[in-house]
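Colleague: Quick one, entry21.cif (mmCIF, C-alpha atoms):
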data_entry
loop_
_atom_site.label_atom_id
_atom_site.label_comp_id
_atom_site.auth_asym_id
_atom_site.auth_seq_id
_atom_site.Cartn_x
_atom_site.Cartn_y
_atom_site.Cartn_z
CA MET F 19 -11.56 -0.12 -15.00
CA LYS F 20 -8.27 -1.71 -15.95
CA GLU F 21 -6.98 1.20 -18.04
CA LEU F 22 -7.48 3.58 -15.15
CA ARG F 23 -5.73 1.21 -12.73
CA ILE F 24 -2.80 0.85 -15.12
CA GLN F 25 -2.43 4.64 -15.35
CA VAL F 26 -2.43 4.90 -11.56
CA GLU F 27 0.02 2.04 -11.14
CA ARG F 28 2.43 3.60 -13.67
CA ALA F 29 2.71 6.60 -11.38
CA VAL F 30 2.75 4.73 -8.07
CA ARG F 31 4.62 1.43 -8.53
CA PRO F 32 8.10 2.99 -8.97
CA LEU F 33 7.72 5.10 -5.83
CA ARG F 34 10.21 4.53 -3.05
CA ALA F 35 7.72 4.60 -0.20
CA SER F 36 6.00 2.28 2.24
CA GLU F 37 3.25 0.06 0.89
CA ALA F 38 0.75 1.77 3.21
CA ARG F 39 1.52 5.15 1.63
CA LYS F 40 1.45 3.70 -1.87
CA ASP F 41 -1.91 2.03 -1.18
CA ARG F 42 -3.33 5.35 -0.04
CA ILE F 43 -2.04 7.15 -3.13
CA ARG F 44 -3.39 4.39 -5.38
CA GLU F 45 -6.83 4.66 -3.84
CA GLU F 46 -6.93 8.45 -4.10
CA LEU F 47 -5.67 8.63 -7.66
CA TYR F 48 -8.01 5.84 -8.73
CA ALA F 49 -10.98 7.62 -7.14
CA HIS F 50 -9.95 10.78 -8.97
CA LEU F 51 -9.62 8.99 -12.30
CA CYS F 52 -13.01 7.33 -11.83
CA ALA F 53 -14.62 10.73 -11.26
CA ALA F 54 -12.83 12.17 -14.31
CA TYR F 55 -13.89 9.15 -16.35
CA GLU F 56 -17.57 9.61 -15.37
CA GLU F 57 -17.32 13.28 -16.36
CA GLU F 58 -15.76 12.46 -19.73
CA LEU F 59 -18.27 9.68 -20.33
CA ALA F 60 -21.16 12.07 -19.70
CA SER F 61 -19.68 14.60 -22.13
CA GLY F 62 -19.30 11.97 -24.87
CA ALA F 63 -22.94 10.80 -24.72
CA ASP F 64 -23.37 11.00 -28.52
CA GLU F 65 -20.74 8.36 -29.27
CA PRO F 66 -21.35 4.60 -29.47
CA ALA F 67 -20.94 2.97 -26.06
CA ALA F 68 -17.64 1.15 -26.60
CA ALA F 69 -15.98 4.14 -28.28
CA ALA F 70 -17.34 6.46 -25.59
CA GLU F 71 -15.89 4.33 -22.80
CA ALA F 72 -12.48 4.02 -24.46
CA GLY F 73 -12.38 7.73 -25.27
CA ALA F 74 -13.48 8.71 -21.78
CA ALA F 75 -10.78 6.53 -20.21
CA ARG F 76 -8.11 7.99 -22.50
CA ARG F 77 -9.17 11.59 -21.81
CA ALA F 78 -9.38 10.96 -18.07
CA CYS F 79 -5.82 9.56 -18.11
CA GLU F 80 -4.60 12.56 -20.12
CA ARG F 81 -6.14 14.90 -17.58
CA LEU F 82 -4.23 13.23 -14.76
CA GLY F 83 -0.92 13.97 -16.47
CA ASP F 84 2.23 12.11 -17.48
CA PRO F 85 2.75 9.22 -15.03
CA ARG F 86 6.53 9.77 -14.96
CA GLU F 87 6.18 13.41 -14.01
CA LEU F 88 3.50 12.57 -11.46
CA CYS F 89 5.72 9.85 -9.98
CA ALA F 90 8.58 12.32 -9.61
CA ALA F 91 6.29 14.86 -7.93
CA LEU F 92 4.86 12.21 -5.61
CA GLN F 93 8.37 11.01 -4.75
CA ALA F 94 9.34 14.55 -3.76
CA ALA F 95 6.46 14.49 -1.25
CA VAL F 96 7.69 11.28 0.43
CA PRO F 97 9.81 11.94 3.56
CA ILE F 98 13.51 11.40 2.85
CA VAL F 99 13.96 8.77 5.56
CA GLU F 100 11.05 6.74 4.26
CA ALA F 101 12.33 7.00 0.69
CA ALA F 102 15.75 5.77 1.80
CA LEU F 103 14.29 2.87 3.80
CA PHE F 104 12.17 1.69 0.90
CA THR F 105 14.77 1.98 -1.84
CA ARG F 106 14.48 -1.19 -3.86
CA VAL F 107 17.51 -3.44 -3.99
CA PRO F 108 17.35 -5.18 -7.39
CA ILE F 109 18.41 -8.64 -6.23
CA LEU F 110 15.96 -8.58 -3.32
CA ALA F 111 13.21 -7.39 -5.61
CA ARG F 112 13.90 -10.32 -7.95
CA LEU F 113 13.86 -12.77 -5.01
CA GLU F 114 10.61 -11.26 -3.81
CA GLU F 115 9.06 -11.63 -7.25
CA ALA F 116 10.26 -15.24 -7.50
CA ALA F 117 8.79 -16.02 -4.07
CA ARG F 118 5.52 -14.35 -5.04
CA ARG F 119 5.26 -16.50 -8.19
CA ARG F 120 6.03 -19.67 -6.24
CA PHE F 121 3.47 -18.95 -3.54
CA GLU F 122 0.77 -17.59 -5.82
CA ARG F 123 -2.52 -19.48 -5.55
CA ARG F 124 -3.05 -21.43 -8.79
CA ARG F 125 -6.21 -21.52 -10.83
CA GLY F 126 -8.65 -24.09 -9.49
CA GLU F 127 -6.67 -24.53 -6.27
CA SER F 128 -8.67 -24.30 -3.05
CA VAL F 129 -7.40 -22.26 -0.12
CA ALA F 130 -6.57 -25.48 1.77
CA GLN F 131 -4.63 -26.90 -1.18
CA TRP F 132 -2.77 -23.62 -1.56
CA ALA F 133 -1.89 -23.55 2.15
CA ALA F 134 -0.78 -27.21 1.99
CA ARG F 135 1.48 -26.57 -1.01
CA VAL F 136 3.14 -23.63 0.74
CA ALA F 137 3.49 -25.68 3.95
CA VAL F 138 5.30 -28.47 2.07
CA PHE F 139 7.79 -25.91 0.78
CA PHE F 140 8.39 -24.65 4.32
CA PHE F 141 8.77 -28.24 5.56
CA LEU F 142 11.51 -28.88 3.03
CA LEU F 143 13.18 -25.53 3.71
CA SER F 144 13.06 -25.80 7.50
CA GLY F 145 14.11 -29.45 7.38
CA ALA F 146 17.13 -28.62 5.26
CA ILE F 147 18.17 -25.81 7.61
CA VAL F 148 17.55 -27.75 10.81
CA PHE F 149 19.24 -30.97 9.70
CA ALA F 150 22.23 -29.01 8.49
CA PHE F 151 22.44 -26.84 11.60
CA ASN F 152 21.32 -28.95 14.56
CA PRO F 153 23.98 -31.69 14.44
CA LEU F 154 26.68 -29.03 14.14
CA LEU F 155 25.27 -27.14 17.11
CA ALA F 156 24.97 -30.31 19.17
CA ALA F 157 28.58 -31.22 18.38
CA LEU F 158 29.73 -27.76 19.46
CA VAL F 159 27.67 -27.63 22.67
CA GLN F 160 27.73 -31.21 23.92
CA SER F 161 30.73 -33.43 24.47
CA GLU F 162 28.79 -36.62 23.55
CA PRO F 163 25.80 -35.52 21.47
CA ASP F 164 22.86 -37.91 21.12
CA TYR F 165 22.35 -37.62 17.36
CA ALA F 166 19.15 -39.67 17.50
CA LYS F 167 17.55 -37.04 19.69
CA VAL F 168 19.03 -34.28 17.52
CA VAL F 169 17.38 -35.81 14.46
CA ALA F 170 14.09 -36.25 16.36
CA CYS F 171 14.27 -32.63 17.48
CA GLY F 172 14.89 -31.58 13.90
CA PHE F 173 11.80 -33.43 12.70
CA VAL F 174 9.71 -31.79 15.42
CA ILE F 175 10.91 -28.30 14.49
CA ALA F 176 10.28 -28.93 10.81
CA ALA F 177 6.83 -30.36 11.57
CA LEU F 178 5.93 -27.40 13.79
CA THR F 179 7.09 -24.93 11.13
CA THR F 180 5.05 -26.79 8.54
CA MET F 181 1.91 -26.88 10.70
CA ASN F 182 2.15 -23.21 11.60
CA SER F 183 2.81 -22.24 7.96
CA PHE F 184 -0.22 -24.24 6.86
CA LEU F 185 -2.45 -22.60 9.48
CA LEU F 186 -1.07 -19.14 8.74
CA PHE F 187 -1.71 -19.36 5.00
CA LEU F 188 -5.07 -21.02 5.59
CA LEU F 189 -6.06 -18.07 7.76
CA SER F 190 -4.72 -15.38 5.46
CA GLY F 191 -6.25 -17.13 2.45
CA GLY F 192 -9.57 -17.28 4.26
CA ILE F 193 -9.34 -13.61 5.15
CA PHE F 194 -8.30 -12.54 1.66
CA TYR F 195 -10.31 -14.83 -0.59
CA LYS F 196 -13.44 -15.03 1.49
CA GLY F 197 -13.50 -12.16 3.91
CA TRP F 198 -11.70 -9.12 2.57
CA GLY F 199 -14.83 -7.52 1.18
CA ALA F 200 -16.21 -7.34 4.72
CA PRO F 201 -16.06 -4.01 6.59
CA PRO F 202 -12.61 -3.48 8.11
CA ARG F 203 -13.78 -4.02 11.70
CA ARG F 204 -15.42 -7.32 10.84
CA ALA F 205 -12.34 -8.44 8.94
CA ALA F 206 -10.15 -7.52 11.90
CA ALA F 207 -12.48 -9.33 14.33
CA ARG F 208 -12.40 -12.42 12.11
CA ALA F 209 -8.61 -12.26 12.01
CA ALA F 210 -8.42 -11.90 15.78
CA LEU F 211 -10.79 -14.85 16.29
CA HIS F 212 -8.80 -17.01 13.93
CA GLY F 213 -5.64 -15.95 15.70
CA ALA F 214 -7.15 -16.88 19.05
CA LEU F 215 -8.12 -20.32 17.72
CA MET F 216 -4.51 -20.85 16.75
CA ALA F 217 -3.47 -20.45 20.36
CA GLY F 218 -4.25 -24.12 20.87
CA ALA F 219 -2.10 -25.04 17.89
CA VAL F 220 0.83 -23.01 19.10
CA ALA F 221 0.45 -24.25 22.68
CA SER F 222 0.50 -27.82 21.42
CA SER F 223 3.55 -26.85 19.37
CA GLY F 224 5.28 -25.78 22.53
CA LEU F 225 4.34 -29.00 24.29
CA ALA F 226 5.55 -31.11 21.39
CA PHE F 227 8.78 -29.16 21.40
CA ALA F 228 9.18 -29.74 25.14
CA VAL F 229 8.55 -33.48 24.72
CA ALA F 230 11.08 -33.66 21.90
CA LEU F 231 13.67 -31.89 23.98
CA ARG F 232 13.11 -33.93 27.15
CA GLY F 233 16.31 -35.45 28.25
CA GLN F 234 18.33 -32.80 26.41
CA MET F 235 17.28 -29.96 28.70
CA SER F 236 15.75 -29.80 32.15
CA PHE F 237 12.46 -27.95 32.20
CA ASP F 238 11.92 -25.70 35.15
CA LYS F 239 9.38 -22.98 35.90
CA PHE F 240 11.25 -20.48 33.73
CA HIS F 241 10.87 -22.66 30.65
CA MET F 242 7.20 -23.39 31.38
CA HIS F 243 6.46 -19.70 31.90
CA ALA F 244 8.29 -18.88 28.67
CA LEU F 245 6.22 -21.46 26.78
CA LEU F 246 3.01 -20.15 28.36
CA GLY F 247 3.94 -16.58 27.44
CA ALA F 248 4.64 -17.61 23.88
CA ALA F 249 1.28 -19.40 23.70
CA LEU F 250 -0.53 -16.25 24.94
CA LEU F 251 1.27 -13.97 22.51
CA ALA F 252 0.77 -16.37 19.63
CA PRO F 253 -2.87 -15.43 18.82
CA PHE F 254 -1.99 -11.78 18.40
CA MET F 255 1.10 -12.58 16.38
CA MET F 256 -0.80 -14.95 14.12
CA ALA F 257 -3.70 -12.53 13.71
CA PHE F 258 -1.27 -9.75 12.77
CA LEU F 259 0.61 -11.96 10.32
CA SER F 260 -2.61 -13.28 8.79
CA VAL F 261 -3.99 -9.79 8.20
CA ALA F 262 -0.61 -8.61 6.83
CA ILE F 263 -0.39 -11.52 4.39
CA ALA F 264 -4.01 -11.03 3.34
CA ALA F 265 -3.36 -7.31 2.76
CA GLU F 266 -0.34 -8.15 0.63
CA ARG F 267 -2.43 -10.63 -1.38
CA ARG F 268 -5.15 -8.06 -1.95
CA ARG F 269 -2.58 -5.44 -2.98
CA TYR F 270 -0.99 -7.81 -5.48
CA HIS F 271 -4.29 -8.96 -6.98
CA GLU F 272 -5.62 -5.41 -7.36
CA TRP F 273 -2.44 -3.66 -8.46
CA GLY F 274 0.73 -5.73 -8.44
CA CYS F 275 -0.32 -8.11 -11.19
CA LEU F 276 -1.12 -5.31 -13.68
CA ASP F 277 1.09 -5.37 -16.77
CA LEU F 278 2.18 -1.78 -17.23
CA GLY F 279 4.03 -2.32 -20.49
CA GLU F 280 6.74 0.18 -19.66
CA SER F 281 7.56 1.50 -16.19
CA ALA F 282 8.07 5.14 -15.31
CA THR F 283 11.78 4.67 -15.99
CA GLY F 284 11.11 3.24 -19.40
CA ALA F 285 12.10 -0.30 -18.43
CA LYS F 286 9.78 -3.24 -18.95
CA THR F 287 7.80 -4.21 -15.85
CA MET L 12 -8.90 35.16 -21.49
CA ARG L 13 -5.46 33.63 -21.96
CA GLN L 14 -4.86 30.26 -20.40
CA ILE L 15 -2.42 29.90 -17.52
CA ILE L 16 -0.56 26.62 -17.81
CA GLY L 17 0.67 24.57 -14.89
CA ASP L 18 4.34 25.56 -15.10
CA SER L 19 3.53 29.22 -14.40
CA ILE L 20 1.92 28.47 -11.08
CA ARG L 21 4.10 25.57 -9.98
CA GLY L 22 5.48 27.40 -6.94
CA HIS L 23 2.06 28.62 -5.87
CA LEU L 24 0.02 25.45 -6.12
CA GLU L 25 0.06 24.85 -2.37
CA THR L 26 -1.29 28.36 -1.77
CA LEU L 27 -3.99 27.76 -4.36
CA VAL L 28 -4.96 24.49 -2.68
CA LEU L 29 -5.13 26.18 0.72
CA SER L 30 -7.31 28.92 -0.77
CA ALA L 31 -9.65 26.34 -2.27
CA LEU L 32 -9.97 24.56 1.08
CA GLU L 33 -10.80 27.81 2.84
CA ARG L 34 -14.31 27.44 1.45
CA GLY L 35 -14.71 24.10 3.22
CA ALA L 36 -13.42 20.53 3.30
CA ALA L 37 -13.05 18.84 -0.08
CA HIS L 38 -11.42 15.92 -1.88
CA GLY L 39 -8.84 16.38 -4.60
CA PHE L 40 -11.31 16.34 -7.49
CA GLU L 41 -13.49 18.98 -5.84
CA ILE L 42 -10.42 21.14 -5.06
CA LEU L 43 -9.58 21.15 -8.77
CA ARG L 44 -13.18 22.08 -9.62
CA ARG L 45 -13.00 25.03 -7.24
CA LEU L 46 -9.71 26.18 -8.74
CA GLU L 47 -11.02 25.91 -12.29
CA ASP L 48 -14.21 27.75 -11.38
CA ALA L 49 -12.27 30.50 -9.60
CA GLY L 50 -9.92 30.79 -12.58
CA GLU L 51 -12.94 31.01 -14.91
CA GLY L 52 -11.50 28.35 -17.17
CA SER L 53 -8.07 29.98 -17.57
CA LEU L 54 -6.28 27.68 -15.13
CA LYS L 55 -5.12 24.48 -16.82
CA LEU L 56 -3.49 22.12 -14.39
CA LYS L 57 -2.45 18.54 -14.81
CA GLU L 58 -4.92 17.16 -12.33
CA GLY L 59 -2.49 14.75 -10.71
CA ALA L 60 -0.33 17.68 -9.57
CA VAL L 61 -2.77 18.58 -6.82
CA TYR L 62 -2.04 15.39 -4.89
CA PRO L 63 1.69 15.91 -4.24
CA ALA L 64 0.76 19.42 -3.06
CA LEU L 65 -1.87 17.99 -0.71
CA TYR L 66 0.59 15.42 0.66
CA ARG L 67 3.22 18.10 1.32
CA LEU L 68 0.63 20.24 3.05
CA GLU L 69 -0.52 17.29 5.14
CA GLU L 70 3.08 16.50 6.15
CA ALA L 71 3.46 20.13 7.17
CA GLY L 72 0.27 19.98 9.23
CA CYS L 73 -1.53 22.59 7.13
CA VAL L 74 -4.30 20.23 6.09
CA LYS L 75 -5.79 17.09 7.59
CA GLY L 76 -7.12 14.28 5.45
CA GLU L 77 -9.72 11.68 6.36
CA TRP L 78 -11.34 8.95 4.32
CA GLU L 79 -15.00 9.54 3.68
CA GLY L 80 -17.43 7.20 5.44
CA GLU L 81 -18.72 4.02 3.81
CA ALA L 82 -22.27 5.33 3.66
CA GLY L 83 -23.41 7.96 1.17
CA GLY L 84 -24.96 5.89 -1.58
CA ARG L 85 -22.20 6.78 -4.01
CA ARG L 86 -20.68 4.05 -6.14
CA GLY L 87 -16.97 3.83 -6.73
CA PRO L 88 -13.82 3.98 -4.63
CA ARG L 89 -13.82 6.05 -1.47
CA ARG L 90 -12.34 9.53 -1.46
CA ARG L 91 -10.06 11.32 0.99
CA ILE L 92 -11.49 14.57 2.29
CA TYR L 93 -9.08 17.33 3.28
CA LYS L 94 -9.74 20.25 5.57
CA LEU L 95 -7.72 23.25 6.59
CA THR L 96 -6.06 23.22 10.00
CA PRO L 97 -5.35 26.35 12.08
CA LYS L 98 -1.73 26.06 10.96
CA GLY L 99 -2.94 25.96 7.39
CA ARG L 100 -4.99 29.11 7.87
CA GLY L 101 -1.91 30.84 9.27
CA ARG L 102 0.19 29.65 6.32
CA LEU L 103 -2.48 30.89 3.89
CA ALA L 104 -2.50 34.33 5.51
CA GLN L 105 1.30 34.51 5.21
CA ASP L 106 1.23 33.34 1.61
CA ARG L 107 -1.32 36.02 0.75
CA VAL L 108 0.93 38.74 2.16
CA GLN L 109 3.89 37.34 0.22
CA TRP L 110 1.81 37.13 -2.95
CA ARG L 111 0.68 40.75 -2.71
CA THR L 112 4.30 41.80 -2.20
CA PHE L 113 5.36 39.66 -5.17
CA VAL L 114 2.70 41.10 -7.44
CA ALA L 115 3.51 44.65 -6.38
CA VAL L 116 7.28 44.34 -6.83
CA VAL L 117 7.32 42.24 -10.00
CA GLY L 118 4.48 44.22 -11.47
CA ARG L 119 6.39 47.47 -11.00
CA ILE L 120 9.43 46.01 -12.75
CA VAL L 121 7.54 44.35 -15.58
CA GLU L 122 5.25 47.29 -16.23
CA ALA L 123 8.03 49.89 -15.99
CA GLY L 124 8.93 49.77 -19.65
CA ALA L 125 5.36 49.40 -20.90
#
Would you write the structure of this file as structure tokens?
Modeller:
Amino acid sequence: MKELRIQVERAVRPLRASEARKDRIREELYAHLCAAYEEELASGADEPAAAAEAGAARRACERLGDPRELCAALQAAVPIVEAALFTRVPILARLEEAARRRFERRRGESVAQWAARVAVFFFLLSGAIVFAFNPLLAALVQSEPDYAKVVACGFVIAALTTMNSFLLFLLSGGIFYKGWGAPPRRAAARAALHGALMAGAVASSGLAFAVALRGQMSFDKFHMHALLGAALLAPFMMAFLSVAIAAERRRYHEWGCLDLGESATGAKT
Amino acid sequence: MRQIIGDSIRGHLETLVLSALERGAAHGFEILRRLEDAGEGSLKLKEGAVYPALYRLEEAGCVKGEWEGEAGGRRGPRRRIYKLTPKGRGRLAQDRVQWRTFVAVVGRIVEAGA
């Protein structure tokens, strides 16, 4: 029920703690509130249904206690080091919120369209960085830089970043929007399989990168072994990132998007 | 019987939680039920207060929490079941000794003028 989730989120959202700990607290408090709600609903059996449900939710929330006080008590139970590490920096929090709104999947948008839109953003971002940085680096490192190759290399890097972003968000969107309800082991197996399938994409990325750089660097066994190592590690990295992004999506859609009205500190959230 | 409000037992909540778990593993809601039953309705806690106590006890190694299995036929979100560890049993025994000392000393002082 939304009212119960809002009451939980009022106590948990302001916490300075890791998201894993906050998720656990959310789940426990929500389970508690649901049990209290069922109890209150059973005791108000004589009331009309709608009034009974609203009354039961209100009484269950009252039983849990003031969210501000509960938040303070929960914060006292968080280890000091963790609380310090997860202290919110206002400007970073605003950037994070702006990024979340930009990358949020829009109504009616398929997972593929969503992943493509995000990939375009990363293409523009990576292109801007690479084309600003690469010529400067080439001028510093080489006495007579071949700017044509520098530009070509920049395009390749931007294209690789775009392709990998697209695949990453496609995977995480698939895991979150289609597969998150599956038992955790099946979800993890799906993520690992998807990550393994991306090995080909990343390996081809490495080859494309090597082709783009031919003539600028000499490739010996060290470079080939490094590329092979990166290709082998890539599935695990991609699987991990996909699951992490999917978990963040789930967290936001279940809890982060709730409008709390006023936060525990009294400020609008 | 007069009601005992949460503030009066704030420093003893962890001991109460350990006592409730001595009867067997339980989730937070069940722990509160046990406390209310044992207090015969006189104990009025804000129910959320039990969770910070459980988390402190878990950090200290006095209790161990595990999520209940997916099976069970119960609807609703899953619950975290806590059980007493050997360290928790030791802490409970110590707390009982301290409590008896507290009651004896404070009781003598408070009752002296009565």
Colleague: With distances taken over only C-alpha atoms, which residue among F:Gln25, F:Ser61, F:Asn152, F:Ser183 lies nearest chain L?
Modeller: F:Gln25
Colleague: What residues in chain L have any atom no more than 10 Å from chain F when counting all atoms listed in the file, and can you write them as a PDB file with C-alpha atoms, keeping the file's coordinate frame?
Modeller:
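Output (result_34.pdb):
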ATOM      1  CA  HIS L  38     -11.420  15.920  -1.880  1.00  0.00           C
ATOM      2  CA  GLY L  39      -8.840  16.380  -4.600  1.00  0.00           C
ATOM      3  CA  PHE L  40     -11.310  16.340  -7.490  1.00  0.00           C
ATOM      4  CA  GLU L  41     -13.490  18.980  -5.840  1.00  0.00           C
ATOM      5  CA  LYS L  55      -5.120  24.480 -16.820  1.00  0.00           C
ATOM      6  CA  LEU L  56      -3.490  22.120 -14.390  1.00  0.00           C
ATOM      7  CA  LYS L  57      -2.450  18.540 -14.810  1.00  0.00           C
ATOM      8  CA  GLU L  58      -4.920  17.160 -12.330  1.00  0.00           C
ATOM      9  CA  GLY L  59      -2.490  14.750 -10.710  1.00  0.00           C
ATOM     10  CA  ALA L  60      -0.330  17.680  -9.570  1.00  0.00           C
ATOM     11  CA  VAL L  61      -2.770  18.580  -6.820  1.00  0.00           C
ATOM     12  CA  TYR L  62      -2.040  15.390  -4.890  1.00  0.00           C
ATOM     13  CA  PRO L  63       1.690  15.910  -4.240  1.00  0.00           C
ATOM     14  CA  ALA L  64       0.760  19.420  -3.060  1.00  0.00           C
ATOM     15  CA  LEU L  65      -1.870  17.990  -0.710  1.00  0.00           C
ATOM     16  CA  TYR L  66       0.590  15.420   0.660  1.00  0.00           C
ATOM     17  CA  ARG L  67       3.220  18.100   1.320  1.00  0.00           C
ATOM     18  CA  LEU L  68       0.630  20.240   3.050  1.00  0.00           C
ATOM     19  CA  GLU L  69      -0.520  17.290   5.140  1.00  0.00           C
ATOM     20  CA  GLU L  70       3.080  16.500   6.150  1.00  0.00           C
ATOM     21  CA  TRP L  78     -11.340   8.950   4.320  1.00  0.00           C
ATOM     22  CA  GLU L  81     -18.720   4.020   3.810  1.00  0.00           C
ATOM     23  CA  GLY L  87     -16.970   3.830  -6.730  1.00  0.00           C
ATOM     24  CA  PRO L  88     -13.820   3.980  -4.630  1.00  0.00           C
ATOM     25  CA  ARG L  89     -13.820   6.050  -1.470  1.00  0.00           C
ATOM     26  CA  ARG L  90     -12.340   9.530  -1.460  1.00  0.00           C
ATOM     27  CA  ARG L  91     -10.060  11.320   0.990  1.00  0.00           C
ATOM     28  CA  ILE L  92     -11.490  14.570   2.290  1.00  0.00           C
TER      29      ILE L  92
END
Colleague: In Å, rounded to a single decimal, give me how far CA of Val168 in chain F is from CA of Gly145 in chain F.
Modeller: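 For CA of Gly145 in chain F relative to CA of Val168 in chain F, the distance reads 12.3 Å.
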Colleague: When you count all atoms listed in the file, which of these residues is closest to His271 in chain F: F:Glu127, F:Asp164, F:Glu122, F:Glu56?
Modeller: F:Glu122
Colleague: Just the number, please: distance in Å from CA of Arg45 in chain L to CA of Ala72 in chain F, one decimal.
Modeller: 27.2 Å
Colleague: Could you check how far CA of Arg34 in chain F sits from CA of Ala101 in chain F, in Å to one decimal?
Modeller: 5.0 Å
Colleague: For a cut-off of 6 Å around (8.5, 5.0, 0.0), file coordinates, pick out all residues using only C-alpha atoms and list them as a ChimeraX atom specification.
Modeller: /F:33-36,100-101,104
Colleague: Centre and edge lengths of an axis-aligned box around all listed atoms of range 32-37 of chain F, with 6 Å added on each side, are to be given in Å to one decimal, as lines of an AutoDock Vina configuration file.
Modeller:
center_x = 6.7
center_y = 2.6
center_z = -3.4
size_x = 19.0
size_y = 17.0
size_z = 23.2
Colleague: Using the chain letters and numbers from this file, what does the PyMOL selection byres ((chain L and resi 96-111) around 12) select? Give the answer as a PyMOL selection string.
Modeller: chain L and resi 20+22-36+65+67-76+93-95+112-118
Colleague: Starting from the structure just given, write a file holding range 38-43 of chain L with all heavy atoms, as a PDB file, in the first residue's frame.
Modeller:
ATOM      1  N   HIS L  38      10.617 -12.687  14.218  1.00  0.00           N
ATOM      2  CA  HIS L  38      10.802 -11.426  13.499  1.00  0.00           C
ATOM      3  C   HIS L  38      10.343 -10.289  14.405  1.00  0.00           C
ATOM      4  O   HIS L  38       9.804 -10.515  15.498  1.00  0.00           O
ATOM      5  CB  HIS L  38      10.027 -11.439  12.178  1.00  0.00           C
ATOM      6  CG  HIS L  38       8.603 -11.884  12.311  1.00  0.00           C
ATOM      7  ND1 HIS L  38       7.598 -11.056  12.782  1.00  0.00           N
ATOM      8  CD2 HIS L  38       8.014 -13.071  12.059  1.00  0.00           C
ATOM      9  CE1 HIS L  38       6.460 -11.708  12.798  1.00  0.00           C
ATOM     10  NE2 HIS L  38       6.681 -12.936  12.364  1.00  0.00           N
ATOM     11  N   GLY L  39      10.573  -9.062  13.949  1.00  0.00           N
ATOM     12  CA  GLY L  39      10.323  -7.902  14.792  1.00  0.00           C
ATOM     13  C   GLY L  39       8.900  -7.815  15.307  1.00  0.00           C
ATOM     14  O   GLY L  39       8.669  -7.488  16.470  1.00  0.00           O
ATOM     15  N   PHE L  40       7.936  -8.108  14.445  1.00  0.00           N
ATOM     16  CA  PHE L  40       6.528  -8.025  14.843  1.00  0.00           C
ATOM     17  C   PHE L  40       6.226  -9.024  15.956  1.00  0.00           C
ATOM     18  O   PHE L  40       5.534  -8.712  16.926  1.00  0.00           O
ATOM     19  CB  PHE L  40       5.651  -8.278  13.614  1.00  0.00           C
ATOM     20  CG  PHE L  40       4.234  -7.839  13.788  1.00  0.00           C
ATOM     21  CD1 PHE L  40       3.889  -6.497  13.678  1.00  0.00           C
ATOM     22  CD2 PHE L  40       3.225  -8.759  14.053  1.00  0.00           C
ATOM     23  CE1 PHE L  40       2.577  -6.081  13.824  1.00  0.00           C
ATOM     24  CE2 PHE L  40       1.918  -8.350  14.208  1.00  0.00           C
ATOM     25  CZ  PHE L  40       1.596  -7.011  14.088  1.00  0.00           C
ATOM     26  N   GLU L  41       6.748 -10.226  15.815  1.00  0.00           N
ATOM     27  CA  GLU L  41       6.523 -11.272  16.814  1.00  0.00           C
ATOM     28  C   GLU L  41       7.212 -10.924  18.127  1.00  0.00           C
ATOM     29  O   GLU L  41       6.677 -11.182  19.202  1.00  0.00           O
ATOM     30  CB  GLU L  41       7.036 -12.617  16.276  1.00  0.00           C
ATOM     31  CG  GLU L  41       7.020 -13.767  17.278  1.00  0.00           C
ATOM     32  CD  GLU L  41       5.634 -14.122  17.759  1.00  0.00           C
ATOM     33  OE1 GLU L  41       4.655 -13.780  17.057  1.00  0.00           O
ATOM     34  OE2 GLU L  41       5.535 -14.713  18.845  1.00  0.00           O
ATOM     35  N   ILE L  42       8.414 -10.309  18.045  1.00  0.00           N
ATOM     36  CA  ILE L  42       9.125  -9.890  19.257  1.00  0.00           C
ATOM     37  C   ILE L  42       8.266  -8.916  20.042  1.00  0.00           C
ATOM     38  O   ILE L  42       8.119  -9.014  21.266  1.00  0.00           O
ATOM     39  CB  ILE L  42      10.493  -9.252  18.897  1.00  0.00           C
ATOM     40  CG1 ILE L  42      11.444 -10.332  18.371  1.00  0.00           C
ATOM     41  CG2 ILE L  42      11.104  -8.540  20.101  1.00  0.00           C
ATOM     42  CD1 ILE L  42      12.732  -9.780  17.782  1.00  0.00           C
ATOM     43  N   LEU L  43       7.645  -7.967  19.329  1.00  0.00           N
ATOM     44  CA  LEU L  43       6.771  -7.001  20.005  1.00  0.00           C
ATOM     45  C   LEU L  43       5.580  -7.698  20.636  1.00  0.00           C
ATOM     46  O   LEU L  43       5.160  -7.335  21.733  1.00  0.00           O
ATOM     47  CB  LEU L  43       6.298  -5.957  18.995  1.00  0.00           C
ATOM     48  CG  LEU L  43       7.290  -4.831  18.785  1.00  0.00           C
ATOM     49  CD1 LEU L  43       7.046  -4.149  17.462  1.00  0.00           C
ATOM     50  CD2 LEU L  43       7.215  -3.814  19.897  1.00  0.00           C
TER      51      LEU L  43
END
